[in-house]
Structures are given as C-alpha cells and as structure tokens.
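Report on one structure; see the data block that follows.
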Amino acid sequence: MNRHPTVIRNGKLIKNLTPWLFLLPSITILITFLIIPIIESFRWSVLDYKILLGTGKFVGFDNFQEIFSDDLFWKALVNTILFVIIVLPMNIFLPMILASLVNQKIRSIGAFRVLYYVPVVTPIVVGALMWKMLYSQNGAISNFLVSIGILDAPINFLANTTTALVAVAFITAWKGLGYYMIMYLANLQSIPNQLYESADIDGANIIQKFTRITMPMLVPTITLVSVLTIVNGLKVFEEIALTTNGGPAGATTTLVMYIYDKFSNLDVSIASAAGIVLLILAIVGSLIQMKLTSKREDDLRA
C-alpha cells in the first residue's frame, strides 16, 4: 500500500535535485576559487599573519589603519580610479562603433570580424611587447606625432609620468576591443528591422534612429560592458607589469600592483586588507554604474 507513494516521493526528490546536480561543478569551482579565498582574505586582514609559520595574532583593524596611512596606497587608489575612468568610455563607445561597421552587409565582412577579434586571442605578453616598441622613443607613434607637429621631440610614452597611465589604458582598450565588439554585434543583430522600417516611414534620420531605437536596445549590453570594464579595470595587472612595472615614479602603480608588492614581501595581512578595499570598490563601482545605466535606459524609453 505504501510503495506507490514512496516511489512518487523519491521521483519528486530526484526531479528537485537534478538542477542542483548540474550546477554542482560550477558551485564547487565558485566556492573553491572565490568564496574561500575571500573568506581567507577577510581573516588575514584582521591578523598579523606570518605565512611562513602559518600563524597570526588578532590585530583588528590595525592593518587597515596602516594602509590608510600609507601614501603609496592612496596613490595606487587614485591611479586605479583614473585608469577605470580612462578605459570605461573607450570600452563602451569604440566597440559600439566597430560593431556598427561590421554589422553592414558587405562582401568579406566575416574576415573583418575575425581580424578585429585578433587582439583578444593574442597573448598579453606578445601584445605588451608590441605596444612597448610602439610607445618607445624611437617607436612609430612618437615619430608619427613628431612628423605632424604634435610633438617637438620623440618621447617614450611609458617612461613619461604624464602619459604612462593613458598609454597603458589604450593597451587594455585594444585588448578588449574585439571581445566587446562581439557583444554589441550580437545585440545589434537582435534588433528587429521592422523598427527601423517604421522609423523610415515616419521620416526619422540616422541620428534619430540611433538615439531612439539603437541606444535603448543596446542598454543591456552597455550595462554588461560597463560592469566588466570596471571590474577588469580595477584589477588590471598584466599590462602594467609587462610594460611599466608600476613606474615611472609610481605613475602606473595600481591597487593590484600594490597588493602584489605586499604579497611578494610576504606582508600578506596588509595585502589582504588592501584586497578587501579593492573588492568593496569593485562592488560599489559596479552597482553605481548599473544604477546610472538603468536610469539612462528609463530616460531613453520615456
């Protein structure tokens, strides 16, 4: 009498567990490589942790007080924010323009899409070496700017405190150009042609169609690109380590470079405290950008 209800209950239990079984590998990776390291960073940030001994004394917020009194930390924080401010508009608008160009129905457009995606699959070591040569005093960029009269004499952009951060930001934008272009391209191709046809009937021009149709439809992609740019910009490391190593005179020292230097010196508690600050900064920056983009979306649809 009880066998049939038991089978039903077991079948329902298996059905309820099936989605979690599919999610188990992702959850395991997330917990192992994200949740546990964050928890450990929080723990180390309130300890005077000696990594070689594996022990630490509780010091509360002393590590945070130490980094907040460190001038290099504040310089790294300012450089990080400036880096994101420089990269963000480039990553939003340049791939958008590029996606609009490769969305045209012209011959061999597929080849152009592949070429524009090459920087994404290019190893960062190769890309950094190439840009380092281009930015050098005898590089193509400096010589070109001298030839057209913008510069009086050749300079090394990566060795100049005024231009170094902007130069590295361009490397980051170049590296992600094709990746974000694909996102915009997929979004552009999902916009129904009927919307543009209706706009043509109403006499709308190119600018009106872009502002009234294209931009509102691209807002979800703009939000995603913005959040990814903020997160990746805050944790930029390879481009700086391979080109300037934080120089000249700390002009390109970011929070991740600061954390890396502290870890290299086995000062893991200070590095963990700085890492927590970076985590909070990434969360706050992403939430603000999502809020602003959401408001912009409502304004465009109004």
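Identifiers in the structure tokens: chain A, B, ... in order shown; residue index from 1 per chain; ligand index from 1 in order shown.
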Selection: 9 Å around Asn103 of chain A, only C-alpha atoms, excl. self and same-chain fewer than 5 positions, as a list in words: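 Selected residues are Leu98, Ile109, Leu185, Leu188 and Gln189 of chain A.
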Secondary structure check, helix (DSSP H, G or I) residues of segment 143-244 of chain A, as an MDAnalysis selection string: chainID A and resid 143:147 157:159 164:189 193:201 206:234 238:243
Residues within 10 Å of segment 224-235 of chain A, only C-alpha atoms, excluding chain neighbours under 5 positions, as a PyMOL selection string: chain A and resi 77+79-92+95+169+172-173+176+179-181+183-184+219+254-257+275+278-279+281-283+285-290+293
For those residues, write C-alpha atoms to a file as an mmCIF file, in the first residue's frame.
data_model
loop_
_atom_site.group_PDB
_atom_site.id
_atom_site.type_symbol
_atom_site.label_atom_id
_atom_site.label_comp_id
_atom_site.auth_asym_id
_atom_site.auth_seq_id
_atom_site.Cartn_x
_atom_site.Cartn_y
_atom_site.Cartn_z
ATOM 1 C CA LEU A 77 43.971 54.026 -5.337
ATOM 2 C CA ASN A 79 45.721 55.671 -10.231
ATOM 3 C CA THR A 80 43.256 52.765 -10.229
ATOM 4 C CA ILE A 81 40.228 55.062 -10.336
ATOM 5 C CA LEU A 82 41.816 57.211 -13.060
ATOM 6 C CA PHE A 83 42.590 54.084 -15.064
ATOM 7 C CA VAL A 84 38.945 52.966 -14.935
ATOM 8 C CA ILE A 85 37.745 56.475 -15.879
ATOM 9 C CA ILE A 86 40.047 56.458 -18.924
ATOM 10 C CA VAL A 87 39.232 52.920 -20.085
ATOM 11 C CA LEU A 88 35.460 52.979 -19.477
ATOM 12 C CA PRO A 89 34.387 55.350 -22.297
ATOM 13 C CA MET A 90 36.793 53.669 -24.730
ATOM 14 C CA ASN A 91 35.386 50.222 -23.979
ATOM 15 C CA ILE A 92 31.806 51.479 -24.265
ATOM 16 C CA PRO A 95 33.460 48.590 -29.740
ATOM 17 C CA ALA A 169 44.875 52.229 -20.720
ATOM 18 C CA THR A 172 43.738 47.474 -22.201
ATOM 19 C CA ALA A 173 41.142 49.012 -24.551
ATOM 20 C CA GLY A 176 39.213 44.048 -25.180
ATOM 21 C CA TYR A 179 35.536 40.964 -27.233
ATOM 22 C CA TYR A 180 33.141 43.806 -26.516
ATOM 23 C CA MET A 181 32.513 44.271 -30.245
ATOM 24 C CA MET A 183 28.701 41.595 -27.540
ATOM 25 C CA TYR A 184 27.449 44.721 -29.291
ATOM 26 C CA VAL A 219 21.447 49.477 -22.941
ATOM 27 C CA THR A 254 47.522 50.444 -9.144
ATOM 28 C CA LEU A 255 45.915 48.670 -6.206
ATOM 29 C CA VAL A 256 46.655 45.250 -7.675
ATOM 30 C CA MET A 257 50.324 46.221 -8.147
ATOM 31 C CA GLY A 275 42.391 43.385 -1.327
ATOM 32 C CA LEU A 278 39.594 46.637 -3.788
ATOM 33 C CA LEU A 279 36.687 44.187 -3.503
ATOM 34 C CA LEU A 281 35.479 49.349 -4.543
ATOM 35 C CA ALA A 282 34.589 46.910 -7.356
ATOM 36 C CA ILE A 283 31.180 46.148 -5.860
ATOM 37 C CA GLY A 285 31.567 50.894 -8.681
ATOM 38 C CA SER A 286 29.564 48.180 -10.447
ATOM 39 C CA LEU A 287 26.384 48.979 -8.505
ATOM 40 C CA ILE A 288 26.695 52.704 -9.262
ATOM 41 C CA GLN A 289 27.252 52.034 -12.969
ATOM 42 C CA MET A 290 24.277 49.657 -13.111
ATOM 43 C CA THR A 293 22.681 52.854 -16.794
#
Within 8 Å of segment 32-48 of chain A, counting only C-alpha atoms, which residues qualify if same-chain residues fewer than 4 places away don't, as a count of residues only? 18
Excluding Ile141 of chain A and residues on its chain fewer than 6 positions from it, collect all residues at most 10 Å away from it, counting only C-alpha atoms, and give them as a list in words.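 In the requested format, the answer is Trp131, Met133, Leu134, Tyr135, Ser147, Pro154, Ile155, Asn156 and Phe157 of chain A.
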Per-residue DSSP, segment 3-107 of chain A, filtered to strand (DSSP E), as number ranges by chain: A: 47-50, 55-58
Those same residues, written as a PDB file, in the first residue's frame with C-alpha atoms?
ATOM      1  CA  LEU A  47      45.502  39.233  11.758  1.00  0.00           C
ATOM      2  CA  ASP A  48      49.217  39.876  11.885  1.00  0.00           C
ATOM      3  CA  TYR A  49      49.627  36.743   9.815  1.00  0.00           C
ATOM      4  CA  LYS A  50      53.008  35.079   9.336  1.00  0.00           C
ATOM      5  CA  THR A  55      50.078  31.589  12.478  1.00  0.00           C
ATOM      6  CA  GLY A  56      48.792  35.057  13.193  1.00  0.00           C
ATOM      7  CA  LYS A  57      47.811  37.334  16.070  1.00  0.00           C
ATOM      8  CA  PHE A  58      44.495  39.173  16.019  1.00  0.00           C
TER       9      PHE A  58
END
Any idea what the distance is between atom CA of Leu242 of chain A and atom CA of Asn143 of chain A? 22.8 Å
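Of the residues under consideration (A:Gly250, A:Gly110, A:Pro19, A:Pro123), A:Pro123 shows the shortest atom-to-atom contact distance to Glu238 of chain A when counting only C-alpha atoms.
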Pick from A:Met217, A:Leu52, A:Val168, A:Leu23, whichever lies nearest to Leu129 of chain A using only C-alpha atoms: A:Val168
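The space between atom CA of Leu292 of chain A and atom CA of Lys175 of chain A spans 25.7 Å.
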Smallest atom-to-atom distance to Ile191 of chain A: which of A:Ile207, A:Ile51, A:Leu151, A:Leu218, using only C-alpha atoms?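 Nearest candidate to Ile191 of chain A out of A:Ile207, A:Ile51, A:Leu151, A:Leu218: A:Leu218.
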Please provide as a JSON list (two decimals) with N, CA and C atoms, in the first residue's frame all residues within 9 Å of Gly127 of chain A, with the sequence filter that same-chain residues fewer than 5 positions apart are discarded (counting only C-alpha atoms).
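out.json was written with the following content:
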[["chain", "number", "residue", "atom", "x", "y", "z"],
["A", 119, "PRO", "N", 43.15, 40.80, -31.45],
["A", 119, "PRO", "CA", 43.76, 41.24, -30.18],
["A", 119, "PRO", "C", 43.29, 40.44, -28.97],
["A", 122, "THR", "N", 45.29, 37.28, -28.88],
["A", 122, "THR", "CA", 46.74, 37.50, -28.85],
["A", 122, "THR", "C", 47.23, 37.41, -27.41],
["A", 132, "LYS", "N", 54.96, 48.13, -26.33],
["A", 132, "LYS", "CA", 56.15, 48.72, -25.71],
["A", 132, "LYS", "C", 57.09, 49.27, -26.78],
["A", 171, "ILE", "N", 46.30, 50.14, -24.18],
["A", 171, "ILE", "CA", 46.60, 48.72, -24.38],
["A", 171, "ILE", "C", 45.43, 47.86, -23.90],
["A", 175, "LYS", "N", 43.08, 45.48, -26.19],
["A", 175, "LYS", "CA", 42.96, 44.06, -25.90],
["A", 175, "LYS", "C", 41.51, 43.60, -25.85],
["A", 239, "GLU", "N", 49.09, 44.14, -18.06],
["A", 239, "GLU", "CA", 49.55, 45.21, -18.94],
["A", 239, "GLU", "C", 50.59, 46.10, -18.25]]
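Of the listed residues A:Leu145, A:Ile150, A:Leu266, A:Ala128, the one whose atoms come nearest to Asn245 of chain A is A:Ala128, with distances taken using only C-alpha atoms.
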